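Visitor: Structure file structure_30.cif, mmCIF, C-alpha atoms and all ligand atoms, is pasted below:
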```cif
data_data
loop_
_atom_site.label_atom_id
_atom_site.label_comp_id
_atom_site.auth_asym_id
_atom_site.auth_seq_id
_atom_site.Cartn_x
_atom_site.Cartn_y
_atom_site.Cartn_z
CA MET A 407 0.00 0.00 0.00
CA HIS A 408 1.21 3.48 -0.80
CA ASP A 409 0.45 6.38 1.51
CA ASN A 410 -0.14 8.88 -1.25
CA MET A 411 -2.67 6.75 -3.13
CA MET A 412 -6.39 7.50 -2.98
CA LEU A 413 -7.46 4.63 -5.22
CA GLU A 414 -5.71 1.32 -5.75
CA ILE A 415 -7.48 -1.16 -7.99
CA GLU A 416 -5.83 -4.52 -8.44
CA GLY A 417 -7.15 -7.33 -10.63
CA LEU A 418 -10.76 -6.12 -10.48
CA SER A 419 -13.28 -8.34 -12.23
CA VAL A 420 -17.04 -7.92 -12.20
CA GLY A 421 -19.77 -10.08 -13.69
CA TYR A 422 -23.53 -9.59 -13.77
CA ARG A 423 -25.74 -12.60 -13.06
CA GLN A 424 -28.15 -13.31 -15.83
CA PRO A 425 -30.62 -16.16 -16.29
CA LYS A 426 -28.28 -17.69 -18.87
CA GLY A 427 -25.17 -17.36 -16.71
CA GLU A 428 -22.77 -14.64 -15.76
CA VAL A 429 -22.05 -11.74 -18.13
CA PRO A 430 -18.55 -10.35 -17.58
CA ALA A 431 -18.45 -6.55 -17.32
CA LEU A 432 -14.85 -5.86 -16.23
CA ARG A 433 -11.85 -8.16 -16.48
CA ASP A 434 -8.62 -7.89 -14.48
CA VAL A 435 -8.63 -4.11 -14.24
CA SER A 436 -5.70 -2.54 -12.38
CA PHE A 437 -4.71 1.09 -11.95
CA SER A 438 -4.25 3.63 -9.20
CA VAL A 439 -4.97 7.31 -8.62
CA PRO A 440 -2.85 9.40 -6.27
CA ARG A 441 -4.45 11.56 -3.61
CA GLY A 442 -5.44 14.92 -5.08
CA GLY A 443 -4.99 13.70 -8.66
CA THR A 444 -7.44 13.49 -11.53
CA CYS A 445 -8.07 10.44 -13.65
CA ALA A 446 -10.23 10.08 -16.75
CA LEU A 447 -11.64 6.70 -17.67
CA ILE A 448 -12.49 6.30 -21.32
CA GLY A 449 -13.75 3.40 -23.37
CA PRO A 450 -16.56 2.26 -25.67
CA SER A 451 -20.19 2.14 -24.57
CA GLY A 452 -20.96 -0.92 -22.47
CA CYS A 453 -17.33 -1.60 -21.49
CA GLY A 454 -18.04 -1.31 -17.77
CA LYS A 455 -17.22 2.30 -16.88
CA SER A 456 -20.34 2.89 -14.80
CA THR A 457 -19.86 -0.53 -13.25
CA LEU A 458 -16.40 0.52 -12.08
CA LEU A 459 -17.80 3.65 -10.43
CA TYR A 460 -20.46 1.57 -8.65
CA VAL A 461 -17.69 -0.61 -7.23
CA LEU A 462 -15.61 2.39 -6.15
CA SER A 463 -18.56 4.05 -4.45
CA GLY A 464 -19.34 0.85 -2.55
CA LEU A 465 -22.74 0.33 -4.20
CA LEU A 466 -21.71 -2.86 -5.98
CA LYS A 467 -20.24 -5.34 -3.54
CA GLN A 468 -19.87 -8.47 -5.65
CA PHE A 469 -16.50 -8.30 -7.33
CA GLY A 470 -13.21 -10.12 -7.63
CA GLY A 471 -9.83 -8.53 -6.92
CA GLN A 472 -8.83 -5.79 -4.54
CA VAL A 473 -10.17 -2.26 -4.35
CA MET A 474 -8.63 0.10 -1.81
CA VAL A 475 -9.78 3.63 -1.03
CA GLU A 476 -7.28 5.61 1.04
CA GLY A 477 -5.54 2.39 1.99
CA ALA A 478 -8.68 0.61 3.25
CA PRO A 479 -10.93 -1.89 1.44
CA VAL A 480 -13.78 -0.05 -0.29
CA ALA A 481 -16.78 0.30 1.99
CA PRO A 482 -20.35 1.43 1.33
CA LEU A 483 -21.24 4.98 2.38
CA ARG A 484 -17.70 6.16 2.91
CA ARG A 485 -18.53 9.67 4.09
CA GLN A 486 -15.98 11.50 1.96
CA THR A 487 -16.82 9.77 -1.34
CA ALA A 488 -19.27 11.59 -3.61
CA LEU A 489 -20.77 10.06 -6.74
CA ILE A 490 -22.42 12.02 -9.54
CA LEU A 491 -24.52 9.67 -11.63
CA GLN A 492 -24.83 9.59 -15.41
CA ASP A 493 -28.27 11.30 -15.35
CA TYR A 494 -27.50 13.72 -12.47
CA GLY A 495 -29.92 11.83 -10.17
CA LEU A 496 -31.97 14.90 -9.23
CA LEU A 497 -35.38 14.38 -7.68
CA PRO A 498 -37.90 16.29 -9.84
CA TRP A 499 -40.25 17.07 -6.96
CA LYS A 500 -37.58 18.71 -4.83
CA LYS A 501 -36.30 22.25 -5.17
CA VAL A 502 -32.63 22.87 -6.04
CA SER A 503 -31.75 23.56 -2.40
CA ASP A 504 -33.54 20.40 -1.22
CA ASN A 505 -31.81 18.33 -3.89
CA VAL A 506 -28.49 19.63 -2.63
CA ALA A 507 -29.53 18.74 0.93
CA LEU A 508 -30.23 15.09 0.07
CA GLY A 509 -26.84 13.60 0.86
CA LEU A 510 -26.57 15.73 3.98
CA GLU A 511 -29.88 14.38 5.28
CA ILE A 512 -28.73 10.82 4.68
CA ARG A 513 -25.49 11.49 6.52
CA GLY A 514 -27.31 13.10 9.44
CA VAL A 515 -25.69 16.54 9.16
CA ALA A 516 -27.32 19.04 11.57
CA LYS A 517 -29.87 21.48 10.05
CA ASP A 518 -27.84 24.67 10.69
CA GLU A 519 -24.78 23.12 9.15
CA GLN A 520 -26.88 21.97 6.17
CA THR A 521 -28.18 25.49 5.55
CA GLU A 522 -24.67 26.91 5.68
CA ARG A 523 -23.21 24.30 3.31
CA ILE A 524 -26.08 24.64 0.82
CA ARG A 525 -25.56 28.39 0.66
CA ARG A 526 -21.83 27.95 0.17
CA VAL A 527 -21.90 25.33 -2.58
CA LEU A 528 -24.78 26.89 -4.52
CA THR A 529 -22.86 30.17 -4.50
CA GLU A 530 -19.75 28.31 -5.66
CA VAL A 531 -21.50 26.86 -8.72
CA GLY A 532 -23.42 30.09 -9.39
CA LEU A 533 -26.89 28.77 -8.58
CA TRP A 534 -27.80 30.53 -5.33
CA GLU A 535 -30.38 32.66 -7.16
CA MET A 536 -32.07 29.50 -8.43
CA ARG A 537 -32.28 27.67 -5.13
CA ASP A 538 -36.10 27.63 -5.09
CA ARG A 539 -36.56 26.29 -8.59
CA PHE A 540 -37.39 22.69 -9.48
CA PRO A 541 -35.12 20.69 -11.80
CA SER A 542 -37.65 20.98 -14.66
CA GLN A 543 -37.21 24.77 -14.50
CA LEU A 544 -33.45 24.55 -15.10
CA SER A 545 -31.29 24.22 -18.18
CA GLY A 546 -29.20 21.08 -18.65
CA GLY A 547 -26.08 22.91 -17.50
CA GLN A 548 -27.84 24.23 -14.41
CA ARG A 549 -29.09 20.74 -13.57
CA GLN A 550 -25.58 19.42 -13.85
CA ARG A 551 -24.31 22.22 -11.62
CA THR A 552 -26.96 21.23 -9.09
CA GLY A 553 -25.58 17.69 -9.20
CA ILE A 554 -22.06 19.03 -8.66
CA ALA A 555 -23.25 21.24 -5.79
CA ARG A 556 -24.90 18.26 -4.14
CA ALA A 557 -21.66 16.32 -4.35
CA LEU A 558 -19.57 19.24 -3.04
CA ALA A 559 -21.94 19.72 -0.10
CA LEU A 560 -20.63 16.42 1.24
CA GLU A 561 -17.16 17.98 1.40
CA PRO A 562 -15.71 14.97 -0.38
CA ASP A 563 -12.06 14.08 -0.81
CA LEU A 564 -13.00 11.69 -3.63
CA LEU A 565 -15.33 12.73 -6.43
CA LEU A 566 -16.60 10.06 -8.83
CA MET A 567 -18.34 11.43 -11.92
CA ASP A 568 -20.13 9.41 -14.59
CA GLU A 569 -20.14 11.25 -17.94
CA PRO A 570 -21.11 14.46 -16.16
CA PHE A 571 -21.06 16.78 -19.14
CA SER A 572 -22.03 14.50 -22.01
CA SER A 573 -25.53 15.82 -22.64
CA LEU A 574 -24.55 19.48 -22.69
CA ASP A 575 -23.83 21.77 -25.61
CA ALA A 576 -20.16 22.46 -26.36
CA LEU A 577 -19.93 25.88 -24.71
CA THR A 578 -21.73 24.86 -21.53
CA ARG A 579 -19.58 21.75 -21.39
CA GLU A 580 -16.36 23.77 -21.63
CA HIS A 581 -17.63 26.17 -19.00
CA LEU A 582 -18.41 23.36 -16.55
CA GLN A 583 -15.12 21.58 -17.29
CA GLY A 584 -13.46 24.87 -16.31
CA LEU A 585 -15.57 25.04 -13.16
CA LEU A 586 -14.53 21.52 -12.24
CA LEU A 587 -10.85 22.43 -12.73
CA ASP A 588 -11.31 25.50 -10.50
CA ILE A 589 -12.90 23.37 -7.80
CA TRP A 590 -10.13 20.80 -8.09
CA ASN A 591 -7.46 23.53 -7.97
CA SER A 592 -8.88 25.09 -4.83
CA LYS A 593 -9.71 21.90 -2.92
CA ARG A 594 -7.42 19.26 -4.41
CA ILE A 595 -10.16 16.67 -4.33
CA THR A 596 -9.25 13.39 -6.05
CA VAL A 597 -11.40 13.20 -9.18
CA LEU A 598 -12.25 10.13 -11.23
CA LEU A 599 -14.22 11.05 -14.29
CA VAL A 600 -15.84 8.67 -16.74
CA THR A 601 -16.16 10.09 -20.21
CA HIS A 602 -16.81 9.24 -23.83
CA SER A 603 -15.01 12.33 -24.99
CA ILE A 604 -11.35 12.21 -25.94
CA GLU A 605 -11.01 15.98 -25.55
CA GLU A 606 -12.57 15.88 -22.09
CA ALA A 607 -10.30 13.05 -20.98
CA ILE A 608 -7.24 15.04 -22.04
CA PHE A 609 -8.44 18.35 -20.65
CA LEU A 610 -9.26 16.92 -17.22
CA GLY A 611 -7.35 13.66 -16.66
CA GLN A 612 -3.77 13.77 -15.32
CA LYS A 613 -3.99 10.08 -15.89
CA ILE A 614 -6.10 8.60 -18.68
CA VAL A 615 -7.14 4.98 -18.39
CA VAL A 616 -8.25 3.48 -21.70
CA LEU A 617 -10.59 0.49 -21.51
CA SER A 618 -11.25 -2.02 -24.27
CA GLY A 619 -14.75 -2.95 -25.38
CA HIS A 620 -16.92 -5.34 -23.41
CA PRO A 621 -15.74 -6.81 -21.06
CA GLY A 622 -13.59 -3.84 -20.15
CA GLN A 623 -9.86 -4.41 -19.79
CA VAL A 624 -7.19 -1.75 -19.37
CA ILE A 625 -5.40 -1.37 -22.68
CA ASP A 626 -3.41 1.73 -21.82
CA VAL A 627 -2.70 4.25 -19.08
CA VAL A 628 -1.55 7.62 -20.42
CA GLU A 629 0.15 10.21 -18.20
CA ASN A 630 -0.99 13.75 -18.90
CA PRO A 631 0.78 16.02 -16.42
CA ARG A 632 -0.14 19.36 -18.01
CA VAL A 633 -3.78 19.19 -16.95
CA GLY A 634 -4.91 22.46 -15.40
CA GLN A 635 -2.19 24.58 -17.01
CA LYS A 636 -3.46 27.74 -18.60
CA GLY A 637 -4.25 27.47 -22.29
CA TYR A 638 -3.60 23.71 -22.41
CA ARG A 639 -6.34 23.21 -25.00
CA LYS A 640 -4.43 25.36 -27.47
CA THR A 641 -1.07 23.59 -27.17
CA THR A 642 0.50 21.23 -29.69
CA GLU A 643 0.90 18.61 -26.97
CA TYR A 644 -2.84 18.59 -26.38
CA HIS A 645 -3.53 18.04 -30.06
CA ILE A 646 -0.93 15.30 -30.45
CA LEU A 647 -2.35 13.47 -27.45
CA THR A 648 -5.86 13.86 -28.88
CA SER A 649 -4.94 12.09 -32.10
CA GLN A 650 -2.94 9.39 -30.25
CA LEU A 651 -5.92 8.65 -28.04
CA ARG A 652 -8.27 8.64 -31.01
CA ASP A 653 -6.06 6.00 -32.68
CA LYS A 654 -6.14 3.85 -29.55
CA LEU A 655 -9.91 4.06 -29.28
CA GLU A 656 -10.37 3.26 -32.94
CA GLN A 657 -8.36 0.09 -32.34
CA VAL A 658 -10.84 -0.99 -29.68
CA GLY A 659 -13.77 -0.12 -31.89
CA ASP A 660 -15.07 3.16 -30.52
CA GLY A 661 -15.30 5.82 -33.14
CA SER A 662 -16.80 8.48 -30.88
N1 LIG A 701 -27.73 -4.98 -13.94
C1 LIG A 701 -27.14 -5.53 -14.99
N2 LIG A 701 -27.38 -6.82 -15.33
C2 LIG A 701 -26.76 -7.40 -16.39
N3 LIG A 701 -25.87 -6.77 -17.17
C3 LIG A 701 -25.60 -5.49 -16.90
C4 LIG A 701 -26.20 -4.79 -15.80
N4 LIG A 701 -25.72 -3.54 -15.76
C5 LIG A 701 -24.86 -3.45 -16.80
N5 LIG A 701 -24.77 -4.61 -17.47
C6 LIG A 701 -23.89 -4.90 -18.63
O1 LIG A 701 -22.56 -4.74 -18.19
C7 LIG A 701 -21.77 -4.07 -19.17
C8 LIG A 701 -21.17 -2.81 -18.58
O2 LIG A 701 -22.18 -1.85 -18.31
P1 LIG A 701 -21.85 -0.37 -17.87
O3 LIG A 701 -23.12 0.33 -17.62
O4 LIG A 701 -20.88 -0.40 -16.75
O5 LIG A 701 -21.12 0.19 -19.19
P2 LIG A 701 -20.61 1.66 -19.53
O6 LIG A 701 -19.19 1.54 -19.96
O7 LIG A 701 -20.92 2.58 -18.41
O8 LIG A 701 -21.50 2.05 -20.80
P3 LIG A 701 -22.01 3.50 -21.29
O9 LIG A 701 -20.78 4.19 -21.84
O10 LIG A 701 -22.99 3.19 -22.36
O11 LIG A 701 -22.60 4.22 -20.13
C9 LIG A 701 -22.72 -3.80 -20.35
O12 LIG A 701 -22.46 -4.71 -21.32
C10 LIG A 701 -24.10 -3.91 -19.76
O13 LIG A 701 -25.00 -4.41 -20.71
MG MG A 702 -22.16 4.23 -18.20
#
```
As structure tokens, what does this structure read like?
Ligand SMILES: Nc1ncnc2c1ncn2[C@@H]1O[C@H](COP(=O)(O)OP(=O)(O)OP(=O)(O)O)[C@@H](O)[C@H]1O
Ligand SMILES: [Mg+2]

Guide:
Amino acid sequence: MHDNMMLEIEGLSVGYRQPKGEVPALRDVSFSVPRGGTCALIGPSGCGKSTLLYVLSGLLKQFGGQVMVEGAPVAPLRRQTALILQDYGLLPWKKVSDNVALGLEIRGVAKDEQTERIRRVLTEVGLWEMRDRFPSQLSGGQRQRTGIARALALEPDLLLMDEPFSSLDALTREHLQGLLLDIWNSKRITVLLVTHSIEEAIFLGQKIVVLSGHPGQVIDVVENPRVGQKGYRKTTEYHILTSQLRDKLEQVGDGS
């Protein structure tokens, strides 16, 4: 075990039980993410990316191999782990502020403390003015910011995000990617982000783990140390890496 590691995944395999037998979803996956680092996980649809996040958040308990979070075996409801689901997971009948409060309720945070944290995180993501709206009264980007605010309210040290920006238009997506970088810069949360987008993986992942098609296996781990540097998107390095990653993904059959 290494002291500076937030995530250590060793020989992880997951299968889903089906009437006709077990369907493998992940096979012998190993990689690690240092504390305070960012990692992007990219691979074709159905290769097991969401499955991996379920394991890391403790929701999925049936797996083979070893998964350590901060040096301890992964456990359900680790207080400092926050998960943002693929569809934001907002409850339509609750106002923005009440959606943000959800995780705090579950964790039994006192009411005064809840109020204070909700104000702080909604201000941080620029949604304080919209706190009394319902999700249906928000744009896609605002809904996603609500999801991010809800995760931040837990004051996590590990943030797991499942394709958080995929359904947004290009400008909103870039804006929120920037917001995520700002949050990461100021708090140094460890971030693991699942994405379909090559550009997003390179813009946000200090480490990029490339998975093969179903069942997902690690085919490459790319180091990308310039993440967060000003103007990275406009550099030659960024563009070279983009085409290298595109080649790798084409080899595993994902043209997206
Ligand atoms: N509850 C389940 N029962 C059986 N098979 C499942 C179940 N959930 C997922 N699978 C299968 O496991 C594989 C991995 O699914 P997963 O949702 O992790 O993929 P993914 O990489 O997140 O895909 P996408 O990019 O489309 O979100 C898929 O082939 C899927 O069909
Ligand atoms: Mg998924």

Visitor: Set the distance at 12 Å and use only C-alpha atoms: which residues neighbour Lys654 (chain A) once local chain neighbours fewer than 6 positions away are removed? I'd like the list as a list in words.

Guide: Ile448, Gly449, Pro450, Ile604, Ile614, Val615, Val616, Leu617, Ser618, Gly619, Val624, Ile625, Asp626, Val627, Val628, Leu647, Thr648, Asp660, Gly661 and Ser662 of chain A

Visitor: Env of Ala481 (chain A): 10 Å cut, atoms = all atoms listed in the file, seq-sep filter 4 positions within chain, self excluded. Answer as a PyMOL selection string.

Guide: chain A and resi 461-467+473-475+485

Visitor: Using only C-alpha atoms and all ligand atoms, which of the listed residues (A:Val527, A:Cys445, A:Ile490, A:Leu418) sits closest to ligand MG 702 (chain A)?

Guide: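 Going through A:Val527, A:Cys445, A:Ile490, A:Leu418 one by one, the smallest distance to ligand MG 702 (chain A) is for A:Ile490.
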
Visitor: Just checking: using all atoms listed in the file, which residue out of A:Lys500, A:Arg525, A:His581, A:His620 ends up closest to ligand LIG 701 (chain A)?

Guide: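 Under the stated criterion, the closest residue is A:His620.
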
Visitor: Which is closer to ligand LIG 701 (chain A) than all the others in A:Glu414, A:Glu535, A:Asp568, A:Glu629, using all atoms listed in the file?

Guide: A:Asp568

Visitor: Determine the nearest neighbour of ligand LIG 701 (chain A) from the options A:Leu564, A:Met412, A:Leu599, A:Leu459, counting all atoms listed in the file.

Guide: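 Residue with the minimum atom-to-atom distance to ligand LIG 701 (chain A): A:Leu459.
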
Visitor: Using only C-alpha atoms and all ligand atoms, which protein or nucleic acid residues are at most 12 Å from ligand MG 702 (chain A), as a PyMOL selection string?

Guide: chain A and resi 431+447-460+490-493+567-570+572+599-602+622

Visitor: Looking at only C-alpha atoms, which of A:Pro425, A:Gly471, A:Pro479, A:Pro440 is the one that sits closest to Arg594 (chain A)?

Guide: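 Going through A:Pro425, A:Gly471, A:Pro479, A:Pro440 one by one, the smallest distance to Arg594 (chain A) is for A:Pro440.
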
Visitor: Could you check how far CA of Gly611 (chain A) sits from atom N1 of ligand LIG 701 (chain A), in Å to one decimal?

Guide: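 A separation of 27.8 Å between them.
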
Visitor: Hey, what's within 8 Å of Leu574 (chain A) if we count all atoms listed in the file and toss same-chain stuff fewer than 3 positions away? As a PyMOL selection string, please?

Guide: chain A and resi 546-547+571+578-579

Visitor: Can I get the selection written as a tab-separated table (two decimals), keeping the file's coordinate frame, with C-alpha atoms?

Guide:
```tsv
chain	number	residue	atom	x	y	z
A	546	GLY	CA	-29.20	21.08	-18.65
A	547	GLY	CA	-26.08	22.91	-17.50
A	571	PHE	CA	-21.06	16.78	-19.14
A	578	THR	CA	-21.73	24.86	-21.53
A	579	ARG	CA	-19.58	21.75	-21.39
```

Visitor: I'd like the interatomic distance between CA of Glu416 (chain A) and CA of Asn591 (chain A), to a tenth of an Å.

Guide: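 Those two atoms sit 28.1 Å apart.
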
Visitor: Would you work out the distance separating CA of Glu522 (chain A) from CA of Ser542 (chain A), expressed in Å to one decimal?

Guide: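 A separation of 24.8 Å between them.
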
Visitor: Here is a test: counting only C-alpha atoms and all ligand atoms, which residue of A:Ser436, A:Thr596, A:Thr552, A:Gln468 is nearest to ligand LIG 701 (chain A)?

Guide: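 Closest to ligand LIG 701 (chain A) of all the choices is A:Gln468.
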
Visitor: Fewer than 3 positions away in the same chain doesn't count, so skip those; otherwise give me all residues within 8 Å of region 633-638 of chain A, counting only C-alpha atoms, as a ChimeraX atom specification.

Guide: /A:587,591,608-612,630,641,644

Visitor: Taking (-35.7, 16.4, -9.0) in the coordinates of the supplied file, I want to know which residues reach to within 8 Å of it, counting all atoms listed in the file; could you give the answer as number ranges by chain?

Guide: A: 495-502, 505, 540-542
